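Following: one structure in structure tokens, then a few remarks.
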Amino acid sequence: MADSVGAGFPSTGIQKGHLFHDLDNSTLWEFLGGTPPQAVANWKLLDGVLTAQPDTSLWGLSQAGASWILNGIMYGWDGVQIVEITNGAPVSLYNYRNSVRVQDDFISGLTSNGNGGDLGFGFTNGTTTQIPSETNYPGIFRRDTSAVINTVTTVNLGINNNGIIPIRSIAKIVFIFRSNNNDADTLIRIGSSDSFSSNPAVNGIYFEKLGPDTNWFAVLRLGAVSIRVDTGISVNVNFNVFEVMQDGVSAKFSINGVLVATMTTGYPVAAILNPFVHAVNLVAASKTYDVDYFELDISNIVR
């Protein structure tokens with residue numbers, strides 16, 4: 001039984017271990033201590049049936065063991081990230097009634113268009129090579145723009161820009177990506193769009209590095225108008241984990257597990273999007289990039 005009930009975390013009359021039932025969404029929380037007491041970083045989610053994943057941007061080791069249910073699936077927090085709770089059993093199939101979950105480590109598949117990786121990624125323009133694995137990166141596809149200036153070189157799901165992610169979906173896209181050219185002559189985008197072979201897309205939700213940029217930018221693009229937010233994260237030539245979470249009205253952008261931007265203005269509300277990466281050489285010289293991993297999770301399906 002909860003020690004107190006209300007709307008929004010209480011700020012007075014509580015001690016560490018206090019249990020609070022939040023009437024806003026019928027969730028149960030434990031107070032971990034700390035000030036101010038109403039700060040979400042000072043609470044741990046114990047139970048509840050949610051309509052979207054909780055905001056974990058301020059969670060850490062203190063919230064390890066948190067648990068909740070979303071779309072009939074139990075989730076938890078391991079101190080670093082959201083995990084699905086399966087009582088130690090491996091997950092071999094997703095629940096098709098409420099979700100789509102696919103991933104690709106690029107350890108198999110041809111390098112021709114429509115055959116990349118297990119999922120059959122498409123490749124637009126340029127050339128593709130499966131290069132030798134590296135420590136911690138067991139499968140790597142390399143894309144090369146060629147030396148023809150302004151070549152839009154893509155890795156994409158969805159043939160001919162046919163959309164995959166439904167309008168207003170709750171979806172997560174993850175790419176592990178490395179640019180081999182950190183210079184002013186290379187343009188890069190990572191995320192989803194409705195026109196992945198265009199420079200730029202008409203609509204999209206993605207990370208972006210324009211030619212002169214030295215930092216990654218988070219971008220919402222609606223009807224050929226871009227809203228850009230500087231993430232403060234420098235572009236480099238290492239593998240990095242790029243994650244975009246979208247819920248139909250807003251998008252959260254994370255790099256290497258750290259939330260770097262949350263955006264709502266300019267959200268492409270009517271677009272059906274495809275996961276993609278593309279690079280453009282802004283001079284007549286070859287530019288390359290590597291993709292090690294991909295993940296797509298759509299979680300609000302009813303069928």
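Chain identifiers are assigned as A, B, and so on, following the order in which chains appear in the structure tokens; residues are numbered from 1 within each chain, and ligands are numbered from 1 in order of appearance.
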
So that I can see what lies close to Asn136 in chain A, please list as a short mmCIF file (atom, residue, chain, number, x, y, z; two decimals) with N, CA and C atoms, in the first residue's frame the residues with an atom at most 12 Å from it, counting only C-alpha atoms and leaving out residues fewer than 5 positions away in the same chain.
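Saved the output as result-v4.cif:
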```cif
data_model
loop_
_atom_site.label_atom_id
_atom_site.label_comp_id
_atom_site.auth_asym_id
_atom_site.auth_seq_id
_atom_site.Cartn_x
_atom_site.Cartn_y
_atom_site.Cartn_z
N ASP A 105 23.10 -7.16 -37.63
CA ASP A 105 24.51 -6.95 -37.30
C ASP A 105 25.40 -6.95 -38.54
N ILE A 176 24.62 1.93 -35.31
CA ILE A 176 26.02 2.09 -34.90
C ILE A 176 26.78 2.44 -36.17
N PHE A 239 33.28 4.60 -34.06
CA PHE A 239 31.93 4.08 -34.03
C PHE A 239 31.17 4.74 -32.88
N ASP A 292 27.72 -0.73 -38.56
CA ASP A 292 27.97 -1.98 -37.84
C ASP A 292 26.69 -2.64 -37.35
N TYR A 293 25.66 -1.84 -37.04
CA TYR A 293 24.46 -2.41 -36.41
C TYR A 293 23.26 -1.52 -36.68
#
```

Excluding Arg228 in chain A and any residue of its chain fewer than 6 positions from it, enumerate the residues within 12 Å of it, using only C-alpha atoms, and give them as a ChimeraX atom specification. /A:204-210,213,215-222,253,261-267

Mind checking which residues fall within 8 Å of Thr128 in chain A, counting only C-alpha atoms, ignoring those fewer than 2 positions away in the same chain, and posting them as a PyMOL selection string? chain A and resi 111-112+123+126+130+141-144

Counting only C-alpha atoms, which residue out of A:Ile170, A:Ile188, A:Val229, A:Ile298 sits closest to Asp247 in chain A?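 Among A:Ile170, A:Ile188, A:Val229, A:Ile298, it is A:Ile170 that comes nearest to Asp247 in chain A.
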
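Contact shell of range 35-41 of chain A at 6 Å (only C-alpha atoms; same-chain neighbours under 3 positions omitted): A:Phe9, A:Pro10, A:Ser11, A:Leu58, A:Trp59.
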
At a cut-off of 12 Å, using only C-alpha atoms, what residues contact Phe276 in chain A? Leave out same-chain residues fewer than 3 positions from it and give the result as a PDB file with N, CA and C atoms, in the first residue's frame.
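As written to disk, part-v3.pdb reads:
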```pdb
ATOM      1  N   PHE A 121      18.954  -4.689 -46.754  1.00  0.00           N
ATOM      2  CA  PHE A 121      19.059  -3.243 -46.915  1.00  0.00           C
ATOM      3  C   PHE A 121      19.329  -2.861 -48.358  1.00  0.00           C
ATOM      4  N   GLY A 122      18.758  -1.727 -48.750  1.00  0.00           N
ATOM      5  CA  GLY A 122      19.037  -1.184 -50.063  1.00  0.00           C
ATOM      6  C   GLY A 122      20.238  -0.268 -50.023  1.00  0.00           C
ATOM      7  N   PHE A 123      20.922  -0.171 -51.148  1.00  0.00           N
ATOM      8  CA  PHE A 123      22.069   0.719 -51.288  1.00  0.00           C
ATOM      9  C   PHE A 123      21.838   1.583 -52.516  1.00  0.00           C
ATOM     10  N   THR A 124      21.831   2.883 -52.325  1.00  0.00           N
ATOM     11  CA  THR A 124      21.629   3.803 -53.439  1.00  0.00           C
ATOM     12  C   THR A 124      22.921   4.532 -53.751  1.00  0.00           C
ATOM     13  N   VAL A 152      24.762  11.025 -53.508  1.00  0.00           N
ATOM     14  CA  VAL A 152      24.011  10.677 -52.295  1.00  0.00           C
ATOM     15  C   VAL A 152      24.073   9.164 -52.120  1.00  0.00           C
ATOM     16  N   THR A 153      24.845   8.724 -51.136  1.00  0.00           N
ATOM     17  CA  THR A 153      25.151   7.307 -50.948  1.00  0.00           C
ATOM     18  C   THR A 153      24.407   6.798 -49.720  1.00  0.00           C
ATOM     19  N   THR A 154      23.425   5.896 -49.907  1.00  0.00           N
ATOM     20  CA  THR A 154      22.528   5.518 -48.821  1.00  0.00           C
ATOM     21  C   THR A 154      22.675   4.065 -48.392  1.00  0.00           C
ATOM     22  N   VAL A 155      22.270   3.831 -47.138  1.00  0.00           N
ATOM     23  CA  VAL A 155      21.899   2.507 -46.610  1.00  0.00           C
ATOM     24  C   VAL A 155      20.480   2.685 -46.109  1.00  0.00           C
ATOM     25  N   ASN A 156      19.536   1.875 -46.587  1.00  0.00           N
ATOM     26  CA  ASN A 156      18.140   2.160 -46.275  1.00  0.00           C
ATOM     27  C   ASN A 156      17.279   0.915 -46.246  1.00  0.00           C
ATOM     28  N   LEU A 157      16.240   0.956 -45.426  1.00  0.00           N
ATOM     29  CA  LEU A 157      15.137   0.008 -45.505  1.00  0.00           C
ATOM     30  C   LEU A 157      13.990   0.699 -46.207  1.00  0.00           C
ATOM     31  N   GLY A 158      13.232  -0.074 -46.984  1.00  0.00           N
ATOM     32  CA  GLY A 158      12.137   0.520 -47.737  1.00  0.00           C
ATOM     33  C   GLY A 158      12.563   0.797 -49.157  1.00  0.00           C
ATOM     34  N   ILE A 159      12.067   0.038 -50.094  1.00  0.00           N
ATOM     35  CA  ILE A 159      12.457   0.182 -51.490  1.00  0.00           C
ATOM     36  C   ILE A 159      11.719   1.365 -52.115  1.00  0.00           C
ATOM     37  N   ASN A 161      11.683   4.449 -51.469  1.00  0.00           N
ATOM     38  CA  ASN A 161      11.128   5.393 -50.502  1.00  0.00           C
ATOM     39  C   ASN A 161       9.731   5.028 -50.014  1.00  0.00           C
ATOM     40  N   GLY A 163       7.164   3.898 -47.429  1.00  0.00           N
ATOM     41  CA  GLY A 163       7.290   4.066 -45.992  1.00  0.00           C
ATOM     42  C   GLY A 163       7.149   2.780 -45.205  1.00  0.00           C
ATOM     43  N   ILE A 164       7.859   2.710 -44.062  1.00  0.00           N
ATOM     44  CA  ILE A 164       7.817   1.564 -43.165  1.00  0.00           C
ATOM     45  C   ILE A 164       7.199   1.942 -41.822  1.00  0.00           C
ATOM     46  N   ILE A 165       7.620   3.076 -41.243  1.00  0.00           N
ATOM     47  CA  ILE A 165       7.183   3.464 -39.905  1.00  0.00           C
ATOM     48  C   ILE A 165       5.881   4.241 -40.021  1.00  0.00           C
ATOM     49  N   ILE A 173      14.817   3.891 -33.450  1.00  0.00           N
ATOM     50  CA  ILE A 173      15.789   3.516 -34.474  1.00  0.00           C
ATOM     51  C   ILE A 173      17.180   3.654 -33.878  1.00  0.00           C
ATOM     52  N   VAL A 174      17.997   2.619 -34.066  1.00  0.00           N
ATOM     53  CA  VAL A 174      19.386   2.649 -33.596  1.00  0.00           C
ATOM     54  C   VAL A 174      20.306   2.295 -34.755  1.00  0.00           C
ATOM     55  N   PHE A 175      21.320   3.097 -34.970  1.00  0.00           N
ATOM     56  CA  PHE A 175      22.413   2.771 -35.885  1.00  0.00           C
ATOM     57  C   PHE A 175      23.736   2.898 -35.131  1.00  0.00           C
ATOM     58  N   ILE A 176      24.622   1.927 -35.310  1.00  0.00           N
ATOM     59  CA  ILE A 176      26.019   2.094 -34.900  1.00  0.00           C
ATOM     60  C   ILE A 176      26.784   2.438 -36.168  1.00  0.00           C
ATOM     61  N   PHE A 177      27.351   3.631 -36.173  1.00  0.00           N
ATOM     62  CA  PHE A 177      27.836   4.248 -37.411  1.00  0.00           C
ATOM     63  C   PHE A 177      29.206   4.878 -37.186  1.00  0.00           C
ATOM     64  N   ILE A 188      26.383  14.202 -43.756  1.00  0.00           N
ATOM     65  CA  ILE A 188      25.887  12.920 -43.247  1.00  0.00           C
ATOM     66  C   ILE A 188      24.518  13.116 -42.608  1.00  0.00           C
ATOM     67  N   ARG A 189      23.626  12.126 -42.768  1.00  0.00           N
ATOM     68  CA  ARG A 189      22.350  12.085 -42.045  1.00  0.00           C
ATOM     69  C   ARG A 189      22.095  10.650 -41.575  1.00  0.00           C
ATOM     70  N   ILE A 190      21.537  10.521 -40.363  1.00  0.00           N
ATOM     71  CA  ILE A 190      21.284   9.213 -39.753  1.00  0.00           C
ATOM     72  C   ILE A 190      19.939   9.270 -39.044  1.00  0.00           C
ATOM     73  N   GLY A 191      18.979   8.435 -39.450  1.00  0.00           N
ATOM     74  CA  GLY A 191      17.684   8.428 -38.780  1.00  0.00           C
ATOM     75  C   GLY A 191      16.602   7.861 -39.661  1.00  0.00           C
ATOM     76  N   SER A 192      15.575   8.684 -39.951  1.00  0.00           N
ATOM     77  CA  SER A 192      14.484   8.220 -40.813  1.00  0.00           C
ATOM     78  C   SER A 192      13.991   9.386 -41.663  1.00  0.00           C
ATOM     79  N   SER A 193      13.483   9.051 -42.850  1.00  0.00           N
ATOM     80  CA  SER A 193      12.942  10.078 -43.745  1.00  0.00           C
ATOM     81  C   SER A 193      11.990   9.430 -44.737  1.00  0.00           C
ATOM     82  N   ASP A 194      11.259  10.260 -45.455  1.00  0.00           N
ATOM     83  CA  ASP A 194      10.370   9.744 -46.499  1.00  0.00           C
ATOM     84  C   ASP A 194      11.003   9.852 -47.878  1.00  0.00           C
ATOM     85  N   SER A 195      12.248  10.294 -47.941  1.00  0.00           N
ATOM     86  CA  SER A 195      12.934  10.454 -49.235  1.00  0.00           C
ATOM     87  C   SER A 195      14.439  10.372 -48.991  1.00  0.00           C
ATOM     88  N   PHE A 196      14.885   9.163 -48.624  1.00  0.00           N
ATOM     89  CA  PHE A 196      16.256   8.979 -48.146  1.00  0.00           C
ATOM     90  C   PHE A 196      17.325   9.208 -49.214  1.00  0.00           C
ATOM     91  N   SER A 197      16.949   9.149 -50.474  1.00  0.00           N
ATOM     92  CA  SER A 197      17.938   9.367 -51.526  1.00  0.00           C
ATOM     93  C   SER A 197      17.989  10.816 -51.991  1.00  0.00           C
ATOM     94  N   SER A 198      17.179  11.686 -51.354  1.00  0.00           N
ATOM     95  CA  SER A 198      17.190  13.115 -51.684  1.00  0.00           C
ATOM     96  C   SER A 198      18.110  13.865 -50.737  1.00  0.00           C
ATOM     97  N   ALA A 201      16.043  15.446 -47.406  1.00  0.00           N
ATOM     98  CA  ALA A 201      14.730  14.819 -47.494  1.00  0.00           C
ATOM     99  C   ALA A 201      13.630  15.870 -47.448  1.00  0.00           C
ATOM    100  N   GLY A 204      11.576  14.298 -42.300  1.00  0.00           N
ATOM    101  CA  GLY A 204      12.463  13.369 -41.643  1.00  0.00           C
ATOM    102  C   GLY A 204      12.726  13.686 -40.188  1.00  0.00           C
ATOM    103  N   ILE A 205      13.316  12.700 -39.500  1.00  0.00           N
ATOM    104  CA  ILE A 205      13.756  12.814 -38.110  1.00  0.00           C
ATOM    105  C   ILE A 205      15.143  12.195 -38.075  1.00  0.00           C
ATOM    106  N   TYR A 206      16.183  13.001 -37.908  1.00  0.00           N
ATOM    107  CA  TYR A 206      17.517  12.440 -38.065  1.00  0.00           C
ATOM    108  C   TYR A 206      18.610  13.301 -37.438  1.00  0.00           C
ATOM    109  N   PHE A 207      19.761  12.675 -37.242  1.00  0.00           N
ATOM    110  CA  PHE A 207      20.987  13.391 -36.936  1.00  0.00           C
ATOM    111  C   PHE A 207      21.578  13.908 -38.245  1.00  0.00           C
ATOM    112  N   GLU A 208      22.255  15.038 -38.155  1.00  0.00           N
ATOM    113  CA  GLU A 208      22.788  15.650 -39.370  1.00  0.00           C
ATOM    114  C   GLU A 208      24.130  16.315 -39.108  1.00  0.00           C
ATOM    115  N   PHE A 242      23.860   5.897 -32.422  1.00  0.00           N
ATOM    116  CA  PHE A 242      22.880   6.961 -32.671  1.00  0.00           C
ATOM    117  C   PHE A 242      21.473   6.380 -32.491  1.00  0.00           C
ATOM    118  N   VAL A 244      17.249   7.349 -32.152  1.00  0.00           N
ATOM    119  CA  VAL A 244      16.140   8.297 -32.262  1.00  0.00           C
ATOM    120  C   VAL A 244      14.873   7.614 -31.778  1.00  0.00           C
ATOM    121  N   LEU A 273       7.845   7.084 -42.632  1.00  0.00           N
ATOM    122  CA  LEU A 273       9.285   7.225 -42.750  1.00  0.00           C
ATOM    123  C   LEU A 273      10.005   5.883 -42.892  1.00  0.00           C
ATOM    124  N   ALA A 279      25.368   9.664 -46.902  1.00  0.00           N
ATOM    125  CA  ALA A 279      26.476  10.614 -46.925  1.00  0.00           C
ATOM    126  C   ALA A 279      26.589  11.187 -48.326  1.00  0.00           C
ATOM    127  N   VAL A 291      28.740   1.029 -41.342  1.00  0.00           N
ATOM    128  CA  VAL A 291      27.579   0.712 -40.514  1.00  0.00           C
ATOM    129  C   VAL A 291      27.794  -0.656 -39.900  1.00  0.00           C
ATOM    130  N   PHE A 294      22.076  -2.172 -36.734  1.00  0.00           N
ATOM    131  CA  PHE A 294      20.806  -1.474 -36.922  1.00  0.00           C
ATOM    132  C   PHE A 294      19.739  -2.135 -36.069  1.00  0.00           C
ATOM    133  N   GLU A 295      18.807  -1.311 -35.559  1.00  0.00           N
ATOM    134  CA  GLU A 295      17.684  -1.826 -34.770  1.00  0.00           C
ATOM    135  C   GLU A 295      16.464  -0.946 -35.001  1.00  0.00           C
ATOM    136  N   LEU A 296      15.309  -1.588 -35.151  1.00  0.00           N
ATOM    137  CA  LEU A 296      14.039  -0.878 -35.279  1.00  0.00           C
ATOM    138  C   LEU A 296      13.029  -1.521 -34.341  1.00  0.00           C
TER     139      LEU A 296
END
```

Among range 16-219 of chain A, which residues does DSSP mark as strand (DSSP E or B) when it is run on the backbone? Keep the chain and numbering as in the structure and answer as a ChimeraX atom specification. /A:19-22,27-31,43-47,49-50,67-70,73-77,82-84,100-104,109,116,121-124,127-131,134,137,140-144,152-156,165,171-179,186-193,204-209,215-219

Would you mind listing what lies within 10 Å of Ser108 in chain A as JSON, numbers by chain, with only C-alpha atoms counted and same-chain residues fewer than 5 positions away left out? {"A": [115, 116, 117, 118, 119, 120, 130, 139, 140, 141]}

Restricting the calculation to only C-alpha atoms: of A:Arg101, A:Val260, A:Asn71, A:Pro132, which residue gets closest to Ser57 in chain A?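 Going through A:Arg101, A:Val260, A:Asn71, A:Pro132 one by one, the smallest distance to Ser57 in chain A is for A:Val260.
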
Between CA of Gln15 in chain A and CA of Lys44 in chain A, distance in Å (one decimal):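 For CA of Gln15 in chain A relative to CA of Lys44 in chain A, the distance reads 13.7 Å.
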